[in-house]
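Text of query.cif, listed as mmCIF, C-alpha atoms and all ligand atoms:
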data_input
loop_
_atom_site.label_atom_id
_atom_site.label_comp_id
_atom_site.auth_asym_id
_atom_site.auth_seq_id
_atom_site.Cartn_x
_atom_site.Cartn_y
_atom_site.Cartn_z
CA MET N 2 56.90 -24.82 -90.81
CA LYS N 3 53.77 -24.96 -88.73
CA ASN N 4 53.47 -28.73 -89.09
CA SER N 5 57.15 -29.48 -88.78
CA PRO N 6 57.82 -32.63 -86.72
CA TYR N 7 60.52 -30.70 -84.94
CA LEU N 8 58.10 -28.10 -83.60
CA TYR N 9 55.71 -30.86 -82.71
CA TYR N 10 58.48 -32.51 -80.73
CA ASN N 11 59.23 -29.30 -78.80
CA TRP N 12 55.63 -28.76 -77.99
CA TYR N 13 55.29 -32.30 -76.85
CA LYS N 14 58.15 -31.81 -74.37
CA MET N 15 56.19 -28.97 -72.79
CA SER N 16 56.91 -28.57 -69.09
CA TYR N 17 55.25 -26.41 -66.47
CA GLN N 18 56.89 -24.21 -63.84
CA ASN N 19 53.94 -24.32 -61.44
CA LYS N 20 53.99 -27.61 -59.55
CA LYS N 21 50.20 -27.80 -59.27
CA ILE N 22 49.76 -27.29 -63.02
CA ALA N 23 52.55 -29.77 -63.77
CA GLU N 24 50.79 -32.41 -61.65
CA ALA N 25 47.41 -31.63 -63.21
CA ALA N 26 49.01 -31.89 -66.67
CA GLU N 27 50.31 -35.40 -65.90
CA LYS N 28 46.91 -36.52 -64.60
CA LEU N 29 44.95 -35.05 -67.51
CA LYS N 30 47.31 -36.57 -70.08
CA ALA N 31 47.02 -39.97 -68.39
CA GLU N 32 43.22 -39.65 -68.45
CA LEU N 33 43.31 -38.63 -72.11
CA SER N 34 45.30 -41.73 -73.04
CA LYS N 35 42.59 -43.92 -71.50
CA THR N 36 39.32 -42.22 -72.40
CA ASP N 37 37.14 -43.04 -75.40
CA GLU N 38 35.93 -39.45 -75.45
CA PRO N 39 39.05 -37.25 -75.77
CA GLN N 40 36.98 -34.04 -75.94
CA SER N 41 35.69 -34.69 -72.41
CA ILE N 42 39.16 -33.89 -71.01
CA LEU N 43 38.58 -30.19 -71.77
CA ARG N 44 35.53 -30.30 -69.49
CA SER N 45 37.44 -32.10 -66.71
CA PRO N 46 36.69 -30.84 -63.16
CA LEU N 47 40.45 -30.77 -62.54
CA LEU N 48 41.01 -28.27 -65.36
CA LYS N 49 38.02 -26.22 -64.23
CA SER N 50 39.33 -26.12 -60.67
CA LEU N 51 42.61 -24.65 -61.93
CA TYR N 52 40.76 -21.85 -63.71
CA ALA N 53 38.61 -21.31 -60.61
CA GLU N 54 41.74 -20.81 -58.57
CA ILE N 55 42.96 -17.79 -60.57
CA PRO N 56 40.83 -15.14 -58.77
CA THR N 57 41.94 -16.45 -55.37
CA LEU N 58 45.66 -16.01 -56.11
CA ASP N 59 47.90 -13.15 -55.21
CA PRO N 60 47.57 -10.65 -58.10
CA LYS N 61 51.33 -10.97 -58.83
CA GLU N 62 51.02 -14.70 -59.48
CA ARG N 63 47.75 -14.57 -61.46
CA GLY N 64 49.32 -13.67 -64.82
CA ALA N 65 51.88 -16.49 -64.91
CA PHE N 66 49.43 -19.04 -63.49
CA GLY N 67 46.73 -18.13 -66.01
CA LYS N 68 49.23 -18.25 -68.87
CA GLU N 69 50.36 -21.77 -67.90
CA ILE N 70 46.77 -23.02 -67.66
CA ASN N 71 46.14 -21.69 -71.16
CA THR N 72 49.29 -23.43 -72.35
CA LEU N 73 48.12 -26.65 -70.73
CA LYS N 74 44.70 -26.30 -72.38
CA ALA N 75 46.38 -25.74 -75.76
CA GLU N 76 48.56 -28.79 -75.21
CA LEU N 77 45.53 -30.91 -74.40
CA GLU N 78 43.75 -29.63 -77.52
CA LYS N 79 46.69 -30.65 -79.66
CA LEU N 80 46.83 -34.08 -78.04
CA ILE N 81 43.10 -34.50 -78.68
CA ALA N 82 43.61 -33.57 -82.34
CA ALA N 83 46.43 -36.12 -82.52
CA ARG N 84 44.12 -38.76 -81.08
CA ASP N 85 41.57 -37.98 -83.81
CA ASP N 86 44.24 -38.40 -86.50
CA GLU N 87 45.20 -41.70 -84.96
CA ALA N 88 41.56 -42.84 -85.09
CA GLU N 89 41.42 -41.98 -88.78
CA ALA N 90 44.43 -44.18 -89.42
CA LEU N 91 42.78 -47.25 -87.87
CA PRO N 92 42.01 -50.20 -90.16
CA LEU N 93 38.79 -49.81 -92.13
CA ILE N 94 35.68 -51.34 -90.67
CA ASP N 95 33.73 -53.87 -92.73
CA VAL N 96 30.40 -52.08 -92.86
CA THR N 97 28.68 -55.18 -94.23
CA ALA N 98 29.43 -57.10 -91.01
CA PRO N 99 26.49 -57.00 -88.58
CA PHE N 100 28.94 -56.29 -85.78
CA ASP N 101 32.57 -56.83 -84.96
CA VAL N 102 33.31 -60.36 -83.81
CA ASN N 103 34.89 -59.04 -80.63
CA VAL N 104 31.89 -56.99 -79.56
CA THR N 105 30.37 -58.52 -76.45
CA SER N 106 26.77 -59.66 -76.83
CA ASP N 107 25.33 -56.87 -74.66
CA ALA N 108 27.02 -54.24 -76.85
CA GLN N 109 25.87 -55.69 -80.16
CA PRO N 110 23.39 -53.66 -82.15
CA GLY N 111 19.74 -54.59 -81.72
CA LEU N 112 17.28 -55.29 -84.49
CA LEU N 113 16.30 -52.39 -86.72
CA PRO N 114 12.95 -50.88 -85.79
CA THR N 115 10.25 -52.79 -87.65
CA LYS N 116 8.70 -49.56 -88.93
CA ASP N 117 11.72 -49.30 -91.28
CA GLY N 118 11.07 -52.60 -93.00
CA SER N 119 8.51 -55.20 -93.87
CA VAL N 120 8.26 -58.95 -94.24
CA HIS N 121 9.40 -60.09 -97.68
CA PRO N 122 6.40 -60.85 -99.94
CA LEU N 123 7.49 -64.47 -100.36
CA MET N 124 7.66 -65.01 -96.62
CA GLN N 125 4.24 -63.34 -96.24
CA GLU N 126 2.86 -65.84 -98.77
CA LEU N 127 4.62 -68.72 -97.05
CA ASP N 128 3.01 -67.72 -93.74
CA THR N 129 -0.40 -67.73 -95.41
CA MET N 130 0.25 -71.18 -96.87
CA LEU N 131 1.57 -72.61 -93.62
CA GLU N 132 -1.50 -71.30 -91.75
CA ILE N 133 -3.71 -73.29 -94.13
CA PHE N 134 -1.69 -76.45 -93.56
CA TYR N 135 -1.59 -75.92 -89.79
CA ARG N 136 -5.39 -75.79 -89.81
CA MET N 137 -5.33 -79.14 -91.64
CA GLY N 138 -3.16 -80.65 -88.91
CA PHE N 139 0.26 -80.43 -90.55
CA GLU N 140 3.45 -79.42 -88.77
CA ALA N 141 6.30 -77.52 -90.48
CA VAL N 142 9.96 -78.59 -90.59
CA GLU N 143 12.43 -76.34 -92.37
CA SER N 144 14.79 -77.85 -94.95
CA ARG N 145 18.58 -77.54 -94.98
CA GLN N 146 20.70 -75.26 -97.15
CA ILE N 147 23.50 -77.80 -97.46
CA ASP N 148 22.82 -81.48 -97.83
CA ASP N 149 24.24 -84.70 -99.26
CA GLU N 150 23.51 -87.14 -102.07
CA HIS N 151 22.30 -89.70 -99.54
CA HIS N 152 19.28 -87.50 -98.73
CA MET N 153 19.03 -85.94 -102.18
CA PHE N 154 18.96 -89.27 -104.07
CA ASP N 155 19.92 -92.54 -102.32
CA THR N 156 17.04 -92.61 -99.82
CA LEU N 157 14.53 -91.38 -102.42
CA ASN N 158 14.79 -94.36 -104.76
CA PHE N 159 17.24 -92.72 -107.18
CA PRO N 160 19.88 -95.49 -107.39
CA GLU N 161 23.49 -94.50 -108.15
CA GLY N 162 23.77 -93.70 -111.87
CA HIS N 163 20.00 -93.26 -112.30
CA PRO N 164 19.35 -90.91 -115.24
CA ALA N 165 16.74 -88.96 -113.23
CA ARG N 166 19.60 -87.63 -111.09
CA ASP N 167 20.55 -85.47 -114.07
CA ASP N 168 17.26 -83.55 -113.76
CA PHE N 169 18.54 -82.12 -110.48
CA ASP N 170 21.65 -80.30 -111.60
CA THR N 171 22.69 -78.17 -108.64
CA PHE N 172 25.70 -76.57 -106.99
CA THR N 173 28.31 -78.56 -105.11
CA LEU N 174 30.69 -77.78 -102.26
CA HIS N 175 34.36 -78.65 -101.84
CA GLU N 176 33.49 -80.58 -98.67
CA LYS N 177 32.75 -84.28 -99.12
CA ASP N 178 30.35 -86.77 -97.54
CA SER N 179 31.47 -90.08 -95.98
CA LYS N 180 31.51 -91.74 -99.42
CA GLY N 181 33.73 -89.00 -100.87
CA ARG N 182 30.90 -87.38 -102.82
CA PRO N 183 30.65 -83.57 -102.74
CA LEU N 184 28.04 -82.01 -100.46
CA ILE N 185 25.34 -80.19 -102.41
CA ALA N 186 22.96 -77.25 -102.30
CA PRO N 187 19.69 -79.22 -102.32
CA ALA N 188 17.71 -79.12 -105.57
CA HIS N 189 14.43 -80.02 -103.87
CA THR N 190 12.95 -80.01 -100.37
CA SER N 191 12.44 -83.80 -100.64
CA THR N 192 15.93 -84.07 -99.10
CA MET N 193 14.04 -83.86 -95.79
CA GLN N 194 11.70 -86.80 -96.47
CA HIS N 195 14.00 -89.52 -95.19
CA ARG N 196 14.81 -87.53 -92.01
CA VAL N 197 11.15 -86.77 -91.31
CA LEU N 198 10.13 -90.40 -91.94
CA LYS N 199 12.78 -91.74 -89.56
CA ALA N 200 12.04 -89.13 -86.88
CA ARG N 201 8.25 -89.72 -86.95
CA LYS N 202 8.26 -93.49 -87.43
CA ALA N 203 7.51 -94.09 -83.73
CA ASP N 204 4.49 -91.70 -83.84
CA LEU N 205 3.20 -93.61 -86.84
CA GLU N 206 3.46 -96.87 -84.90
CA ASP N 207 1.58 -95.19 -82.03
CA GLY N 208 -1.33 -94.71 -84.43
CA LYS N 209 -0.77 -91.01 -85.23
CA PRO N 210 -0.65 -89.97 -88.89
CA LEU N 211 2.56 -88.36 -90.09
CA ALA N 212 1.61 -84.91 -91.46
CA VAL N 213 4.52 -82.58 -92.16
CA VAL N 214 5.15 -79.70 -94.56
CA VAL N 215 8.71 -78.67 -95.39
CA PRO N 216 9.28 -75.11 -96.60
CA GLY N 217 12.76 -74.46 -97.87
CA ARG N 218 15.17 -72.74 -100.20
CA VAL N 219 16.41 -74.89 -103.07
CA TYR N 220 18.93 -74.48 -105.88
CA ARG N 221 19.32 -75.46 -109.51
CA ASN N 222 21.96 -74.76 -112.10
CA GLU N 223 19.48 -72.99 -114.44
CA ASP N 224 19.64 -70.66 -117.37
CA LEU N 225 17.92 -67.65 -115.82
CA ASP N 226 14.84 -66.07 -117.35
CA ALA N 227 11.45 -64.72 -116.26
CA ARG N 228 10.41 -68.19 -115.05
CA HIS N 229 13.69 -69.70 -113.87
CA GLU N 230 15.85 -68.76 -110.91
CA HIS N 231 18.96 -70.53 -109.60
CA THR N 232 17.60 -70.08 -106.06
CA PHE N 233 13.94 -70.67 -105.38
CA TYR N 234 11.53 -72.00 -102.78
CA GLN N 235 9.51 -75.15 -102.37
CA LEU N 236 6.85 -76.30 -99.99
CA GLU N 237 7.04 -80.04 -99.62
CA GLY N 238 4.21 -82.04 -98.10
CA ILE N 239 4.32 -85.53 -96.59
CA TYR N 240 1.36 -87.48 -95.23
CA ILE N 241 1.53 -91.12 -94.12
CA SER N 242 -0.99 -93.28 -92.32
CA LYS N 243 -2.84 -96.54 -92.89
CA GLY N 244 -4.96 -96.80 -96.02
CA VAL N 245 -3.97 -93.45 -97.60
CA THR N 246 -5.04 -93.14 -101.25
CA VAL N 247 -4.64 -90.85 -104.25
CA GLY N 248 -8.12 -89.54 -103.36
CA ASN N 249 -6.77 -88.21 -100.03
CA LEU N 250 -3.89 -86.53 -101.87
CA MET N 251 -6.18 -84.78 -104.36
CA ALA N 252 -8.63 -83.68 -101.66
CA THR N 253 -5.81 -82.22 -99.56
CA LEU N 254 -4.31 -80.25 -102.43
CA LYS N 255 -7.69 -79.04 -103.72
CA GLU N 256 -8.59 -77.82 -100.23
CA PHE N 257 -5.26 -76.01 -99.99
CA MET N 258 -5.51 -74.34 -103.42
CA THR N 259 -9.07 -73.21 -102.76
CA ALA N 260 -8.04 -71.72 -99.40
CA TYR N 261 -4.96 -70.00 -100.82
CA TYR N 262 -6.65 -68.46 -103.87
CA GLN N 263 -9.85 -67.92 -101.88
CA LYS N 264 -11.85 -69.34 -104.70
CA GLU N 265 -13.21 -72.81 -105.44
CA VAL N 266 -10.87 -74.39 -107.99
CA GLU N 267 -11.13 -77.53 -110.08
CA ILE N 268 -8.19 -79.86 -110.29
CA LYS N 269 -6.72 -81.92 -113.12
CA THR N 270 -3.89 -84.43 -113.06
CA GLN N 271 -1.91 -86.34 -115.58
CA PRO N 272 0.48 -89.22 -115.06
CA PHE N 273 4.10 -88.32 -114.68
CA TYR N 274 7.31 -89.95 -113.55
CA PHE N 275 9.25 -89.28 -110.34
CA PRO N 276 11.48 -91.98 -108.81
CA PHE N 277 10.21 -91.28 -105.28
CA THR N 278 6.46 -91.54 -105.93
CA GLU N 279 4.37 -94.26 -107.56
CA PRO N 280 2.00 -93.41 -109.13
CA SER N 281 3.23 -89.86 -109.87
CA PHE N 282 1.23 -86.93 -111.19
CA GLU N 283 1.48 -83.47 -112.55
CA PHE N 284 -1.19 -81.41 -110.85
CA ALA N 285 -3.08 -78.46 -112.37
CA ILE N 286 -5.89 -76.20 -111.11
CA SER N 287 -8.52 -74.31 -113.03
CA CYS N 288 -7.47 -70.67 -113.38
CA PRO N 289 -8.85 -68.74 -110.37
CA PHE N 290 -9.08 -65.56 -112.50
CA CYS N 291 -10.90 -66.55 -115.69
CA ASP N 292 -12.76 -69.76 -114.79
CA LYS N 293 -11.01 -71.70 -117.56
CA ALA N 294 -11.89 -69.15 -120.27
CA GLY N 295 -8.18 -68.41 -120.85
CA CYS N 296 -6.31 -65.26 -119.77
CA ASN N 297 -2.80 -63.81 -119.57
CA VAL N 298 -2.14 -65.63 -116.29
CA CYS N 299 -3.10 -69.16 -117.36
CA GLY N 300 -3.03 -69.15 -121.13
CA GLU N 301 -5.69 -71.76 -121.78
CA GLY N 302 -7.64 -72.00 -118.55
CA TRP N 303 -5.48 -74.40 -116.49
CA ILE N 304 -2.37 -73.78 -114.43
CA GLU N 305 0.14 -76.55 -113.72
CA LEU N 306 1.44 -76.06 -110.24
CA LEU N 307 3.24 -79.05 -108.85
CA GLY N 308 4.32 -82.66 -108.88
CA CYS N 309 2.91 -85.22 -106.47
CA GLY N 310 2.14 -88.87 -105.94
CA LEU N 311 2.00 -91.74 -103.49
CA ILE N 312 5.29 -92.27 -101.69
CA HIS N 313 7.25 -95.08 -103.33
CA PRO N 314 7.48 -98.25 -101.16
CA ASN N 315 11.28 -98.13 -101.44
CA VAL N 316 11.29 -94.65 -99.81
CA LEU N 317 9.22 -95.96 -96.90
CA LYS N 318 11.44 -99.05 -96.60
CA ALA N 319 14.62 -96.94 -96.57
CA ALA N 320 13.28 -95.29 -93.40
CA GLY N 321 12.21 -98.59 -91.84
CA ILE N 322 8.48 -98.07 -92.46
CA ASP N 323 6.60 -101.14 -93.67
CA PRO N 324 4.85 -100.30 -96.98
CA GLU N 325 2.50 -103.25 -96.45
CA ILE N 326 1.02 -101.45 -93.43
CA TYR N 327 1.47 -97.76 -94.22
CA THR N 328 0.92 -95.70 -97.33
CA GLY N 329 1.27 -92.00 -97.87
CA PHE N 330 1.51 -89.16 -100.34
CA ALA N 331 3.95 -86.35 -100.99
CA TRP N 332 4.09 -83.25 -103.13
CA GLY N 333 6.47 -80.40 -103.95
CA ILE N 334 5.08 -76.96 -104.69
CA GLY N 335 7.23 -74.21 -106.16
CA PHE N 336 5.53 -71.59 -104.06
CA MET N 337 7.13 -68.60 -105.80
CA ARG N 338 5.06 -69.61 -108.82
CA MET N 339 1.91 -69.80 -106.71
CA ALA N 340 2.50 -66.25 -105.46
CA MET N 341 3.33 -65.03 -108.99
CA ILE N 342 -0.03 -66.33 -110.18
CA LYS N 343 -1.88 -64.80 -107.24
CA TYR N 344 -0.42 -61.32 -107.82
CA ASP N 345 0.12 -61.54 -111.58
CA ILE N 346 3.89 -61.10 -111.22
CA ASN N 347 5.45 -61.71 -114.61
CA ASP N 348 9.11 -62.23 -113.66
CA ILE N 349 10.35 -64.57 -110.93
CA ARG N 350 13.56 -62.55 -110.63
CA TYR N 351 11.74 -59.67 -108.92
CA PHE N 352 11.58 -61.64 -105.68
CA GLN N 353 15.31 -61.67 -105.10
CA SER N 354 16.18 -58.45 -106.92
CA GLY N 355 16.04 -56.20 -103.84
CA ASN N 356 13.95 -53.83 -106.01
CA LEU N 357 12.27 -51.54 -103.46
CA ALA N 358 9.50 -50.43 -105.82
CA PHE N 359 8.52 -54.09 -106.14
CA LEU N 360 8.85 -54.88 -102.43
CA ARG N 361 6.90 -51.80 -101.25
CA GLN N 362 3.78 -52.99 -103.04
CA PHE N 363 3.53 -55.75 -100.45
CA LYS N 364 4.19 -53.65 -97.34
ZN ZN N 401 -6.97 -67.65 -116.57
#
Have the structure of the file written as structure tokens, please.
Amino acid sequence: MKNSPYLYYNWYKMSYQNKKIAEAAEKLKAELSKTDEPQSILRSPLLKSLYAEIPTLDPKERGAFGKEINTLKAELEKLIAARDDEAEALPLIDVTAPFDVNVTSDAQPGLLPTKDGSVHPLMQELDTMLEIFYRMGFEAVESRQIDDEHHMFDTLNFPEGHPARDDFDTFTLHEKDSKGRPLIAPAHTSTMQHRVLKARKADLEDGKPLAVVVPGRVYRNEDLDARHEHTFYQLEGIYISKGVTVGNLMATLKEFMTAYYQKEVEIKTQPFYFPFTEPSFEFAISCPFCDKAGCNVCGEGWIELLGCGLIHPNVLKAAGIDPEIYTGFAWGIGFMRMAMIKYDINDIRYFQSGNLAFLRQFK
């Protein structure tokens, strides 16, 4: 019977004989309906002043007055409890949301204290790599997470229907580009080449070389194993000026590899085919751990790391750059693989596993 709605109703209709207490009750209940801290009503100065009045009253009135204050306090306690129940019945909060969309910017939570976390090992390695390229005079431009076939293929000398397009099997969106083709999750950071070329064309004509690296997240529809991830990272490089040769390309990459592995490395290339470079190469370095003797990192002494070449004249032309005047080189490094080699990490999937034991080794 204690929780009967009927009793609850009676209690709720509580009225007070003493006018002062009746007025205080109305005020306190109004305050309670507005406050975010219901418990604070029990510490209200108004309630305290009523208690403080008891000793000043005529002894005949004290008993009834005190009893009504206690009743009022009990009523408030019950209303507070009801408020708590009400709060429990509110819709669940999405704890994965960083903050509620309606929270004003000044009330949004700040960043977690940095002592509780650390920079992801891949981003630490990327910073190291970018520092090396900055010292060589390159600037960095981040790639996009969603792009279109125009930047993925058309402007990179992959004509419509070109079989090499099939080597870049990636994920598509429902949204379409202006030609009705689905937008895509880019399968290489080269999607930025055309944009960078167009944006820096004027600098080039002012006599400044175009030197840009493009770090970015890329996607492929892969069968996953220790060496293949559907989401991975590339570091693209683009350099254009007058009279640029394959020799400049090799010297740049050798310098970078030596700085990154902190050891003089030898380089080896073999011809390859990419539609957007001509000539194109596969690029390998001598193993920084065994000096070509062969080990568990390299196998037989050499490590293939990337594809590169001189930028195809059609790619320059697509951006309005005259290939008769300017030449340049480009490369794409899968930099997860570079970090795996540096730290002898045997499974690419560790990087995005959220495995704390793995991540803490790099703190
Ligand atoms: Zn080796």
Protein and nucleic acid residues within 10 Å of ligand ZN 401 (chain N) (only C-alpha atoms and all ligand atoms) as an NGL selection string: :N and (287-304 or 342)
Mind checking which residues fall within 12 Å of N:Gly181, counting all atoms listed in the file, ignoring those fewer than 4 positions away in the same chain, and posting them as a PyMOL selection string? chain N and resi 149-151+174-177
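The interatomic distance for the pair atom CA of N:Gln235 and atom CA of N:Leu113 works out to 28.4 Å.
Residue nearest N:Phe257 within the list N:Ile42, N:Ala320, N:Leu131, N:Ala65: N:Leu131 [criterion: smallest interatomic distance, only C-alpha atoms].
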Go through N:Ser144, N:Lys35, N:Lys30, N:Asn19 one by one, measure the shortest atom-to-atom distance of each to N:Phe66 using only C-alpha atoms, and give the residue with the smallest value. N:Asn19
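Computed from the coordinates, the atom CA of N:Gln194 to atom CA of N:Gln125 distance equals 24.6 Å.
The interatomic distance for the pair atom CA of N:Ile286 and atom CA of N:Ile133 works out to 17.4 Å.
Using only C-alpha atoms, the nearest neighbour of N:Pro210 within the list N:Tyr234, N:Phe275, N:Tyr240, N:Phe134 is N:Tyr240.
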Residues within 8 Å of N:Pro272, all atoms listed in the file, excluding chain neighbours under 5 positions, as an MDAnalysis selection string: chainID N and resid 280:283
I'd like the box whose edges run along x, y and z of the file and which contains every listed atom of stretch 225-229 of chain N, padded by 8 Å per side; could you state its centre and edge lengths in Å, one decimal, as AutoDock Vina command-line options?
--center_x 14.2 --center_y -67.2 --center_z -115.6 --size_x 23.5 --size_y 21.0 --size_z 19.5
Leaving out N:Glu32 and any residue of its chain fewer than 4 positions from it, which residues lie within 10 Å of it when counting all atoms listed in the file, given as a PyMOL selection string? chain N and resi 26-28+36-37+39+41-42+45
Skip N:Met251 itself and residues of its chain fewer than 4 positions away, then list as a list in words all residues within 10 Å of it, counting all atoms listed in the file. Thr246, Val247, Lys255, Glu256, Phe257, Ile268, Lys269, Thr270, Phe284, Cys309, Gly310 and Phe330 of chain N
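Residue nearest N:Ile70 within the list N:Ile22, N:Thr192, N:Leu29, N:Gln40: N:Ile22 [criterion: smallest interatomic distance, all atoms listed in the file].
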